[in-house]
Amino acid sequence: MQESPYLEGNGFLVEKLQRLPFLGSVSEKYIHDILRHSKIRKFDDGETITEEKSYDSWVYILFSGAVKIKKHGNEIARFDEVGNMFGELSAIDGKARSASVEATGPTVCLAIDTSFMNETAEPLEQALFVSVLYKLFAEVIAQHLRTTNEELVRVRSELEALKRSKGFM
């Protein structure tokens with residue numbers, strides 16, 4: 001992995017982030033706050049970005065490339081669109097990573113260090129900023145849940161059809 005320093009003062013990324021669907025409604029001030037706690041991370045093909053059952057405070061936004069999500073060593077999803085986010089569950093509940101994420105081809109991500117959410121400086125301003133992040137995380141999780149629900153319905157239908165074709169029903 002190659003990693004930049006923290007991106008405070010890198011305003012050139014603000015416009016890029018505001019073009020992402022889930023960040024489009026976020027004010028420029030909060031985008032700057034996100035960048036202050038972020039780094040650019042570059043990964044090679046096959047490199048592990050996050051490891052299942054590990055603990056860390058990083059949330060990732062895909063800038064380029066693609067990743068596969070693996071649970072118990074089995075691929076369960078693939079993200080390849082600019083703006084796809086992953087790692088938000090651990091940031092919300094502080095529990096171990098629920099899956100591993102691996103780069104497929106050269107991959108570049110914005111890595112947001114969410115450990116600052118536990119800081120107590122300027123409580124009101126921090127509370128406002130953290131609420132903005134939680135809203136973003138909730139929107140991403142809602143989209144992931146919708147996708148998972150669609151997949152579950154499709155798999156159940158296929159299973160029922162397979163049972164019928166084999167005479168199990």
# chains A, B, ... in the order shown; residues from 1 in each chain; ligands from 1
>>> residues_around(residues="segment 14-17 of chain A", least_positions_apart="6", cutoff="12 Å", atoms="only C-alpha atoms", output="ChimeraX atom specification")
/A:7-8,23-36,61-63,82-84,109-110
>>> write_last_selection(atoms="N, CA and C atoms", output="compact mmCIF listing (two decimals), in the first residue's frame")
# COMPACT_ATOMS: atom_id res chain seq x y z
N LEU A 7 -4.91 14.84 4.29
CA LEU A 7 -5.21 15.71 3.16
C LEU A 7 -5.68 17.11 3.54
N GLU A 8 -5.45 17.54 4.75
CA GLU A 8 -5.86 18.89 5.15
C GLU A 8 -5.25 19.91 4.19
N LEU A 23 -22.39 12.40 -1.27
CA LEU A 23 -21.75 13.58 -0.67
C LEU A 23 -22.21 14.89 -1.31
N GLY A 24 -23.02 14.80 -2.34
CA GLY A 24 -23.45 15.99 -3.07
C GLY A 24 -24.18 17.01 -2.22
N SER A 25 -24.90 16.56 -1.19
CA SER A 25 -25.66 17.48 -0.35
C SER A 25 -24.88 17.97 0.87
N VAL A 26 -23.65 17.51 1.03
CA VAL A 26 -22.83 17.89 2.17
C VAL A 26 -22.14 19.22 1.89
N SER A 27 -22.16 20.12 2.85
CA SER A 27 -21.57 21.44 2.64
C SER A 27 -20.05 21.32 2.48
N GLU A 28 -19.50 22.31 1.81
CA GLU A 28 -18.06 22.33 1.55
C GLU A 28 -17.27 22.30 2.85
N LYS A 29 -17.78 22.94 3.89
CA LYS A 29 -17.09 22.95 5.19
C LYS A 29 -16.89 21.52 5.70
N TYR A 30 -17.93 20.69 5.61
CA TYR A 30 -17.83 19.32 6.11
C TYR A 30 -16.96 18.46 5.19
N ILE A 31 -16.96 18.77 3.91
CA ILE A 31 -16.05 18.06 3.00
C ILE A 31 -14.60 18.34 3.42
N HIS A 32 -14.31 19.59 3.73
CA HIS A 32 -12.96 19.93 4.21
C HIS A 32 -12.64 19.19 5.51
N ASP A 33 -13.63 19.08 6.40
CA ASP A 33 -13.42 18.33 7.65
C ASP A 33 -13.13 16.86 7.36
N ILE A 34 -13.85 16.29 6.41
CA ILE A 34 -13.60 14.89 6.04
C ILE A 34 -12.17 14.74 5.50
N LEU A 35 -11.77 15.65 4.63
CA LEU A 35 -10.42 15.58 4.06
C LEU A 35 -9.33 15.73 5.12
N ARG A 36 -9.60 16.52 6.13
CA ARG A 36 -8.61 16.73 7.20
C ARG A 36 -8.29 15.41 7.92
N ILE A 61 -13.58 5.15 0.49
CA ILE A 61 -14.38 5.54 -0.67
C ILE A 61 -13.54 5.22 -1.90
N LEU A 62 -14.10 4.42 -2.79
CA LEU A 62 -13.39 3.99 -3.99
C LEU A 62 -13.25 5.16 -4.97
N PHE A 63 -12.01 5.50 -5.33
CA PHE A 63 -11.74 6.53 -6.33
C PHE A 63 -11.50 5.91 -7.70
N VAL A 82 -16.89 4.40 -8.90
CA VAL A 82 -16.33 5.52 -8.14
C VAL A 82 -17.37 5.96 -7.12
N GLY A 83 -16.94 6.10 -5.88
CA GLY A 83 -17.83 6.53 -4.81
C GLY A 83 -18.35 5.40 -3.95
N ASN A 84 -18.16 4.14 -4.37
CA ASN A 84 -18.57 3.04 -3.51
C ASN A 84 -17.84 3.17 -2.18
N CYS A 109 -8.19 4.57 -3.13
CA CYS A 109 -9.30 4.89 -2.24
C CYS A 109 -8.98 6.13 -1.42
N LEU A 110 -10.04 6.84 -1.07
CA LEU A 110 -9.94 7.85 -0.02
C LEU A 110 -10.19 7.09 1.27
>>> residues_around(residues="Pro106 of chain A", least_positions_apart="3", cutoff="12 Å", atoms="only C-alpha atoms", output="JSON, numbers by chain")
{"A": [1, 2, 41, 42, 43, 44, 45, 46, 47, 48, 49, 62, 63, 64, 65, 66, 67, 80, 102, 103, 109]}
>>> atom_distance(atom1="atom CA of Ala111 of chain A", atom2="atom CA of Ser38 of chain A")
5.4 Å
>>> select_by_dssp(residues="chain A", states="strand (DSSP E)", output="ChimeraX atom specification")
/A:2-3,38-43,48-50,58-64,67-71,74-79,85-86,100-103,107-113
>>> write_last_selection(atoms="N, CA and C atoms", output="compact mmCIF listing (two decimals), in the first residue's frame")
# COMPACT_ATOMS: atom_id res chain seq x y z
N GLN A 2 0.50 2.18 -0.79
CA GLN A 2 1.12 3.52 -0.76
C GLN A 2 0.10 4.46 -0.13
N GLU A 3 0.60 5.39 0.69
CA GLU A 3 -0.32 6.25 1.43
C GLU A 3 0.17 7.68 1.43
N SER A 38 -8.46 12.39 6.32
CA SER A 38 -8.37 11.41 5.24
C SER A 38 -6.99 11.35 4.62
N LYS A 39 -6.73 10.20 3.99
CA LYS A 39 -5.51 9.98 3.21
C LYS A 39 -5.91 9.29 1.91
N ILE A 40 -5.06 9.43 0.91
CA ILE A 40 -5.23 8.65 -0.32
C ILE A 40 -4.40 7.38 -0.14
N ARG A 41 -5.02 6.24 -0.38
CA ARG A 41 -4.31 4.97 -0.30
C ARG A 41 -4.41 4.25 -1.64
N LYS A 42 -3.25 3.77 -2.11
CA LYS A 42 -3.17 3.03 -3.37
C LYS A 42 -2.82 1.58 -3.06
N PHE A 43 -3.54 0.65 -3.70
CA PHE A 43 -3.35 -0.77 -3.47
C PHE A 43 -3.07 -1.49 -4.78
N THR A 48 -4.76 -6.92 0.31
CA THR A 48 -5.85 -6.82 1.27
C THR A 48 -5.93 -5.39 1.80
N ILE A 49 -7.12 -4.83 1.74
CA ILE A 49 -7.37 -3.48 2.23
C ILE A 49 -7.83 -3.54 3.69
N THR A 50 -8.79 -4.40 3.96
CA THR A 50 -9.21 -4.67 5.34
C THR A 50 -9.31 -6.17 5.51
N TRP A 58 -10.89 2.90 9.90
CA TRP A 58 -10.87 3.49 8.56
C TRP A 58 -12.11 3.12 7.76
N VAL A 59 -12.65 4.12 7.07
CA VAL A 59 -13.74 3.96 6.12
C VAL A 59 -13.18 4.35 4.76
N TYR A 60 -13.54 3.62 3.72
CA TYR A 60 -12.95 3.82 2.39
C TYR A 60 -13.99 4.23 1.37
N ILE A 61 -13.58 5.15 0.49
CA ILE A 61 -14.38 5.54 -0.67
C ILE A 61 -13.54 5.22 -1.90
N LEU A 62 -14.10 4.42 -2.79
CA LEU A 62 -13.39 3.99 -3.99
C LEU A 62 -13.25 5.16 -4.97
N PHE A 63 -12.01 5.50 -5.33
CA PHE A 63 -11.74 6.53 -6.33
C PHE A 63 -11.50 5.91 -7.70
N SER A 64 -10.81 4.78 -7.74
CA SER A 64 -10.58 4.07 -9.01
C SER A 64 -10.25 2.63 -8.71
N VAL A 67 -12.84 -3.57 -5.94
CA VAL A 67 -12.54 -4.40 -4.78
C VAL A 67 -13.53 -5.55 -4.73
N LYS A 68 -13.10 -6.65 -4.11
CA LYS A 68 -14.04 -7.72 -3.83
C LYS A 68 -14.15 -7.87 -2.32
N ILE A 69 -15.37 -8.13 -1.89
CA ILE A 69 -15.67 -8.30 -0.47
C ILE A 69 -15.74 -9.80 -0.23
N LYS A 70 -15.01 -10.27 0.79
CA LYS A 70 -14.95 -11.70 1.07
C LYS A 70 -15.33 -11.98 2.52
N LYS A 71 -16.22 -12.93 2.70
CA LYS A 71 -16.66 -13.38 4.03
C LYS A 71 -16.28 -14.85 4.15
N ASN A 74 -14.99 -16.44 1.02
CA ASN A 74 -15.86 -16.50 -0.16
C ASN A 74 -16.26 -15.10 -0.60
N GLU A 75 -16.15 -14.86 -1.90
CA GLU A 75 -16.54 -13.55 -2.42
C GLU A 75 -18.04 -13.39 -2.30
N ILE A 76 -18.47 -12.27 -1.70
CA ILE A 76 -19.91 -12.02 -1.53
C ILE A 76 -20.37 -10.77 -2.29
N ALA A 77 -19.41 -9.93 -2.68
CA ALA A 77 -19.77 -8.72 -3.43
C ALA A 77 -18.53 -8.18 -4.12
N ARG A 78 -18.80 -7.28 -5.04
CA ARG A 78 -17.73 -6.60 -5.78
C ARG A 78 -18.16 -5.15 -5.96
N PHE A 79 -17.25 -4.23 -5.67
CA PHE A 79 -17.51 -2.80 -5.88
C PHE A 79 -16.55 -2.31 -6.94
N MET A 85 -18.57 2.96 -1.08
CA MET A 85 -17.98 3.09 0.25
C MET A 85 -18.01 1.73 0.94
N PHE A 86 -16.96 1.47 1.72
CA PHE A 86 -16.94 0.26 2.54
C PHE A 86 -16.17 0.53 3.83
N SER A 100 -13.50 -9.26 4.70
CA SER A 100 -12.23 -8.76 4.14
C SER A 100 -12.53 -8.04 2.84
N VAL A 101 -11.69 -7.08 2.50
CA VAL A 101 -11.81 -6.37 1.23
C VAL A 101 -10.46 -6.45 0.55
N GLU A 102 -10.47 -6.86 -0.72
CA GLU A 102 -9.24 -7.07 -1.48
C GLU A 102 -9.30 -6.29 -2.79
N ALA A 103 -8.21 -5.64 -3.14
CA ALA A 103 -8.14 -4.91 -4.41
C ALA A 103 -8.11 -5.89 -5.58
N THR A 107 -5.90 -0.13 -7.37
CA THR A 107 -7.07 0.49 -6.76
C THR A 107 -6.64 1.69 -5.91
N VAL A 108 -7.42 2.77 -6.02
CA VAL A 108 -7.14 3.98 -5.24
C VAL A 108 -8.40 4.31 -4.43
N CYS A 109 -8.19 4.57 -3.13
CA CYS A 109 -9.30 4.89 -2.24
C CYS A 109 -8.98 6.13 -1.42
N LEU A 110 -10.04 6.84 -1.07
CA LEU A 110 -9.94 7.85 -0.02
C LEU A 110 -10.19 7.09 1.27
N ALA A 111 -9.24 7.13 2.19
CA ALA A 111 -9.36 6.45 3.47
C ALA A 111 -9.62 7.50 4.54
N ILE A 112 -10.77 7.39 5.20
CA ILE A 112 -11.18 8.35 6.23
C ILE A 112 -10.94 7.73 7.60
N ASP A 113 -10.12 8.39 8.41
CA ASP A 113 -9.83 7.92 9.77
C ASP A 113 -10.94 8.42 10.68
>>> residues_around(residues="segment 89-95 of chain A", least_positions_apart="5", cutoff="10 Å", atoms="only C-alpha atoms", output="list of chain:residue names")
A:Lys53, A:Ser54, A:Tyr55, A:Asp56, A:Ser57, A:Trp58, A:Val59, A:Ile112, A:Asp113, A:Thr114, A:Ser115, A:Met117, A:Leu133, A:Tyr134, A:Phe137, A:Ala138, A:Ile141
